[in-house]
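Read through the structure below, which is laid out as structure tokens, and then see the notes.
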Amino acid sequence: MESPSSPLPSSAGEEPAAQYKPGSIRRVRLQNFLTYSDVEFFPGPRLNVVVGPNGTGKSTILCAICLGLGGQPPLLGRADDARLFIMHKKEVATIEIELVPFHGGQTHVLKRVIDNNKGAEKGRGAGASTYYINGTKSNMKEVKTLVTEKYHISVDNLCTFLPQDRVGNFSGFDAQQLLHETEKSLSGSKHLYGTHMKLIDLQKELRSNNNNFETIGEKLETLQKENDRLEREKELMEERKKYMEQMGLLNCKKAWLEFDEARAHALELKELRKQTKAELDQAMAAMKPLLDQQGKITSEVERMKARSAALDKGLKRNHTDYDKSTRKGEKFQDEIEEELSNLASIDSAQRRAEKNAADQKLRVEELQAKLADYPNEEEIDATLAEAHAEIRELKRNLDVAKREHGHVHRQLQEIADNCGRSERKLEGMNDEKSRRTERIFRQQPKLHQTYQWIDQNRKMFRRPVLGPIVCEVTPKGDNAAAYLEQHVSNNILKAYVVECKEDYNLLYREVRGKLKLPINVVTVPNGTLNQVTPMYTQEKMNILKNQHGVLGYLDESFTGPDAVLQALRDHASVHKVLVGSTKTHESMDRHNLLDFLSQKEDGSRGLMGSCIFTSQGNRSYKSTTNISAYSKKASTRGDEVMPPKMLAPGTNPQVKAELEDSIDQLKRQIEELRPKEMEAKTRQEAMNQEGQATSQRSREAKSVKNEIRNIRGKLDHATRKLQDYEESAKKDNMTEKKTTVAKVRRHFVGCMTALQNAGEAHTKLMKDNYTLAGVKMTEDGLRAAERKTNDAISEVQKVNADKQREYSQISSNYQQVLKNTKNLRAKATEMVDIHNDPVMRAKLEELPETLPEVEAALDEATLKVNSTTDNPEVLVQYEQRKREIVETREELEGLSHAQDAKRVNLEKMKDPWESALKNTVTKVNTLFEKYMTELGFAGEVRLAKGEPISGEDGGEEESSFEDWGIEIRVKFREKSSLQTLSAHVHSGGERSVSTIMYLMALQELMVSPFRCVDEINQGLDERNERLVFRRIVANSTQPPKIPSDPLSHAGQYFLITPKLLPNLTDMENEDVTVLFIFNGPFNFRHFSDWNPDKFVKGISETPGDEGEDNLDNNNSSSKATKHSYDDGDGEDEKENNVNARDGGLTSSRSSRKKMRVVEAPH
């Protein structure tokens, strides 16, 4: 290392003090801070590149710098309580920072000690920190005064101090926020920013036409009443504490009384079980004789049953033979009767044929006479032709009338539809959702344009399109609206939901591609709401609800279409976020609720992240626990929930009035068109009636013609049947009679044989019936005896069963009571062991002796406690209200100052401020244009003013100072134009490039001695990352502006990054210091294990894979050792113990490179 060139003392490996600007960080030491148990390192005076894997503690260094210089946790965007930065299982964390002094001045060492046991339990840890300056106890105000006024350090300015969790905040700044942060960074005392704020305040005061004494008086009265209320609450809090202690004693007494009652009950059940068992044994012995008798009777019944079955089988066989012979005889008799009938019908058939022929002849003559009565067919045809001509003419006239009526009807229907839509829209304005939607579209005109286009072109889409999401959801309360808006990003709230890829492409092509409107689109296939696995099991959820006041999941606190709910689950994980209450907020502090949420339920090791919303009074908070991917440790971030903006309800009265006027006008148009529609409808109905009469004449003529054709057909059919009947009457039938007589003789012989067989079968059947009847009577007698015996046994068994159930029930009750007694004893002993704690035993003996009396006393104490809200901040609020009362009184007395003095003061401040600001923006713009051009892009920085406003006299005044801002305009493609930097237009990489170049343009103008940027190079492609890194190195290491003044350089710069690209030639600059973070369970055992010279020599001399072997040998000591530490509880765990010393690496004699190692020794 270089030898010191300054009289200041320097530790091993430190840079010469002459190169440091006053206020630069010379040394940092951390103890028990987040991932570091003990670390000390020495940054270089110029560019410091902090490198290390994710989760090792790179961002922790920036957190330590911020907090060590008097900053507060909300500036980091991680948490709102300084105690959350203490290492897990440790009680105290220490931050020590040594600042480089001015020439000849005193060196200042700032120290902040954060104690987990200090500060309000439900506060933000303000009282948990103790500050020291050069070893002397100080306070936060003195530290901030020293840091900001003497050394011009602003840790609350994102232009100079940009932590990882707020990188997104910077790129999301609007023009006004960007101007404010820029002003803060360009003057040591924040002169530009302070003057700007004063101008805004003065302008607001000047716009007020009079001093509203009445409003301030009401405010003073309200504050006084609030202070009176707080004083009463303070007295209630003391009374509540006394009853809380009484509740604890009563609960202990109740537990021991419940145990005594349960034990007495168990002894009673034990004696009853013994008595019931003896009675059951006696009853079972009395049943044996009955069982023996039952066995004998059953055996005899079975024997009779077998004999009866054999007889029944023979009976069935004889019965079958008898039935078969009988049916055969009956069949022959039927055939004989049929043949005799056929013989008689032969003669009658001939007589019927002669009669039918005579009847059919009369039918033919009747049809011939009927046909002669009809008119000539030619006359009928002429009548049909005339009717058809009239119908065609009427049809043409009717078509004209229909068209006229249809035109008027469509006009009327269209106006009625418009009126209906307007009425529905008016009705929608009367509900919260419609008013909210209207307000959102009024505030977001481009969002409204996209919605209008989608609504007018819904027929183009294949499936329904919903959105924007913020207009589709309906929160179930004000807190639900605030939670949803806090948790879900604006991009998702403003997004539209489609159900297929085709609609997604159509929206982007038409809206973003053609209309040039920004739009966010999410896809939910088929709009289906999928089943989700709850974040926590039902058992754990019951505990959270009953013991910690959790209300449920965030997706249960609002309603909306299935597709919208699925989109919020997919992109915001609303189904994994818990919603709690005031009780939940108390559990976070008293019962370590966040640790309980981080525990996995499957028994596996490790932790899991969580997110929960809680409330306290009129405030709400969001607590998020993240698990480091590297160290597997939990880090918690807390944010206060702001009131909702987009999801807040509201409507526009002017728009509602315009809509009502439009509805009235449409209704008047409907009344004007109704008479015209009725006239056209009447004319059309008259033509319809005339056409129906003509059609009736045509139908009658057709009917007559059809009747003539029908009669002719019947006449032809009757003539043919007459011919058939005449032929049948002349037919000869003697041969047929002889054949029928022969059949009758054969059937008679068969009938006699069948009847003889049936008689023989009947004789056998009767004999078997007599025998079977005797056996059945014997069987019936035995069965009666069996039933009697069974009834006697059933009676005995019923008695025994009742006794057995009684015994079982008593045994079950005894076991249950015994188990409950043991649990009650364990519970009571856990609450207070009266056998080993005579003091508590004596206190409990003073309480009531019976359980009802204890429960009554407990209910009374609980009622007293619940009637008073636990609010430890009453005293703080009481003192704060007193101060506000004093301030309000002073404000009331000071409102008599003349307004002219304020206007004169504004004009005196405005001109120098505006001149200095314009000069600054011009310089920044010049450098920004240059840097963007070097990257192959284009950009400019310009000062934007708001529109002029109307003055008191009707003329125009200066534009609002609140609207002044800085616009960053960039162009990344040759054919595009300069556009204002925006998350809606530019990618993450483009925003990162623009942000870095803007910070680089500001660097030469900043007065802060150092700047910090965390992982801003993430998301860049390789080319841009190289160019950006080159610019950072160039700006941070350029020679001093004044050659004779070595401290006129750009100052100290901290760049945090998890990775660096290979072959970065800019790293060879001597003013670049690399801080390597070797922090974790598997890193170097000691910093001396890292030998850079050996590493470089091995890589340069050994080709191929041997270089890797040398590297492994170099690190063998760290790989061979498991790192552990004793946490004081006797348990060894892997932990990130860190201590750091400088290590140097020399690549050649002509080029020297400073590198630091921050590692984990054991």
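Naming scheme: A, B, ... for chains in displayed order of the structure tokens; residues 1 onward per chain; ligands 1 onward as shown.
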
- [ ] Find the residues near range 143-152 of chain A: any atom within 12 Å, counting only C-alpha atoms, skip ones fewer than 6 places away on the same chain, and give them as an NGL selection string.
- [x] :A and (21-25 or 65-72 or 97-102 or 105-112 or 130-134 or 136-137 or 160 or 184-191 or 1006-1011)

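For Leu607 in chain A, the list of residues within 12 Å, based on only C-alpha atoms and with local chain neighbours fewer than 6 positions off taken out, reads Leu594, Asp595, Phe596, Leu597, Ser598, Gln599, Lys600, Glu601, Thr625, Asn626, Ile627, Ser628, Ala629, Ser631, Lys632, Lys633, Ala634 and Ser635 of chain A.
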
Store the residues picked out above, limited to C-alpha atoms, as a compact mmCIF listing (two decimals), in the first residue's frame.
```txt
# COMPACT_ATOMS: atom_id res chain seq x y z
CA LEU A 594 -44.24 -12.11 12.55
CA ASP A 595 -41.99 -14.95 13.80
CA PHE A 596 -45.05 -17.19 14.08
CA LEU A 597 -46.07 -16.36 10.48
CA SER A 598 -42.55 -17.15 9.22
CA GLN A 599 -42.58 -20.69 10.63
CA LYS A 600 -43.22 -23.46 8.09
CA GLU A 601 -46.05 -25.83 8.98
CA THR A 625 -41.15 -10.28 5.93
CA ASN A 626 -38.67 -11.37 3.24
CA ILE A 627 -36.28 -14.32 3.42
CA SER A 628 -32.73 -13.79 2.12
CA ALA A 629 -31.92 -16.20 -0.70
CA SER A 631 -28.39 -16.31 4.34
CA LYS A 632 -31.97 -17.70 4.63
CA LYS A 633 -32.63 -15.09 7.32
CA ALA A 634 -35.76 -13.01 7.71
CA SER A 635 -35.83 -9.25 7.27
```

Task: Distance of CA of Lys681 in chain A from CA of Arg392 in chain A, expressed in Å to one decimal place - done: 20.4 Å

- [ ] Output as a count of residues only all residues of range 736-976 of chain A that backbone DSSP marks as helix (DSSP H, G or I).
- [x] 180

Task: Spatial neighbours of range 784-796 of chain A, max dist 9 Å, only C-alpha atoms, sep filter under 5 positions, as a ChimeraX atom specification - done: /A:283-284,286-287,290-291,293-294,297-298,301,779,801

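Each of A:Asp837, A:Glu233, A:Asp503, A:Glu685 was compared to Asp399 in chain A using only C-alpha atoms, and A:Glu685 turns out to be the nearest.
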
TODO: Could you tell me which of A:Ser341, A:Thr320, A:Thr450, A:Ser867 comes closest to Lys514 in chain A if we count only C-alpha atoms?
DONE: A:Thr450

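Counting only C-alpha atoms, the residue from A:Ala82, A:Ala648, A:Leu249, A:Ala480 that sits nearest to Gly119 in chain A is A:Ala82.
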
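Secondary structure of range 64-288 of chain A, strand (DSSP E or B) only (DSSP, backbone atoms): A:Ile86, A:Val92, A:Ala93, A:Thr94, A:Ile95, A:Glu96, A:Ile97, A:Glu98, A:Leu99, A:His108, A:Val109, A:Leu110, A:Lys111, A:Arg112, A:Val113, A:Ile114, A:Asp115, A:Ser129, A:Thr130, A:Tyr131, A:Tyr132, A:Ile133, A:Thr136, A:Lys137, A:Ser138, A:Phe161, A:Leu162.
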
Open item on the list: Can you tell me which residues surround Met840 in chain A at a distance of at most 12 Å, considering only C-alpha atoms, apart from same-chain residues fewer than 5 positions away, and format the answer as JSON, numbers by chain?
Closed with: {"A": [248, 249, 250, 252, 253, 829, 831, 832, 833, 834, 835, 845, 846, 847]}

TODO: Would you work out the distance separating CA of Lys721 in chain A from CA of Ser703 in chain A, expressed in Å to one decimal?
DONE: 27.3 Å

Open item on the list: Quick check, in Å to one decimal: how far apart do CA of Ile966 in chain A and CA of Glu1015 in chain A lie?
Closed with: 24.1 Å

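Distances here use only C-alpha atoms; by that measure, the residue among A:Glu379, A:Glu499, A:Glu339, A:Asp1045 closest to Arg746 in chain A is A:Glu339.
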
Open item on the list: Give me, as a PyMOL selection string, all polymer residues having an atom no more than 10 Å from Gln669 in chain A, counting only C-alpha atoms and skipping those fewer than 2 positions away in the same chain.
Closed with: chain A and resi 411-412+415-416+664-667+671-674
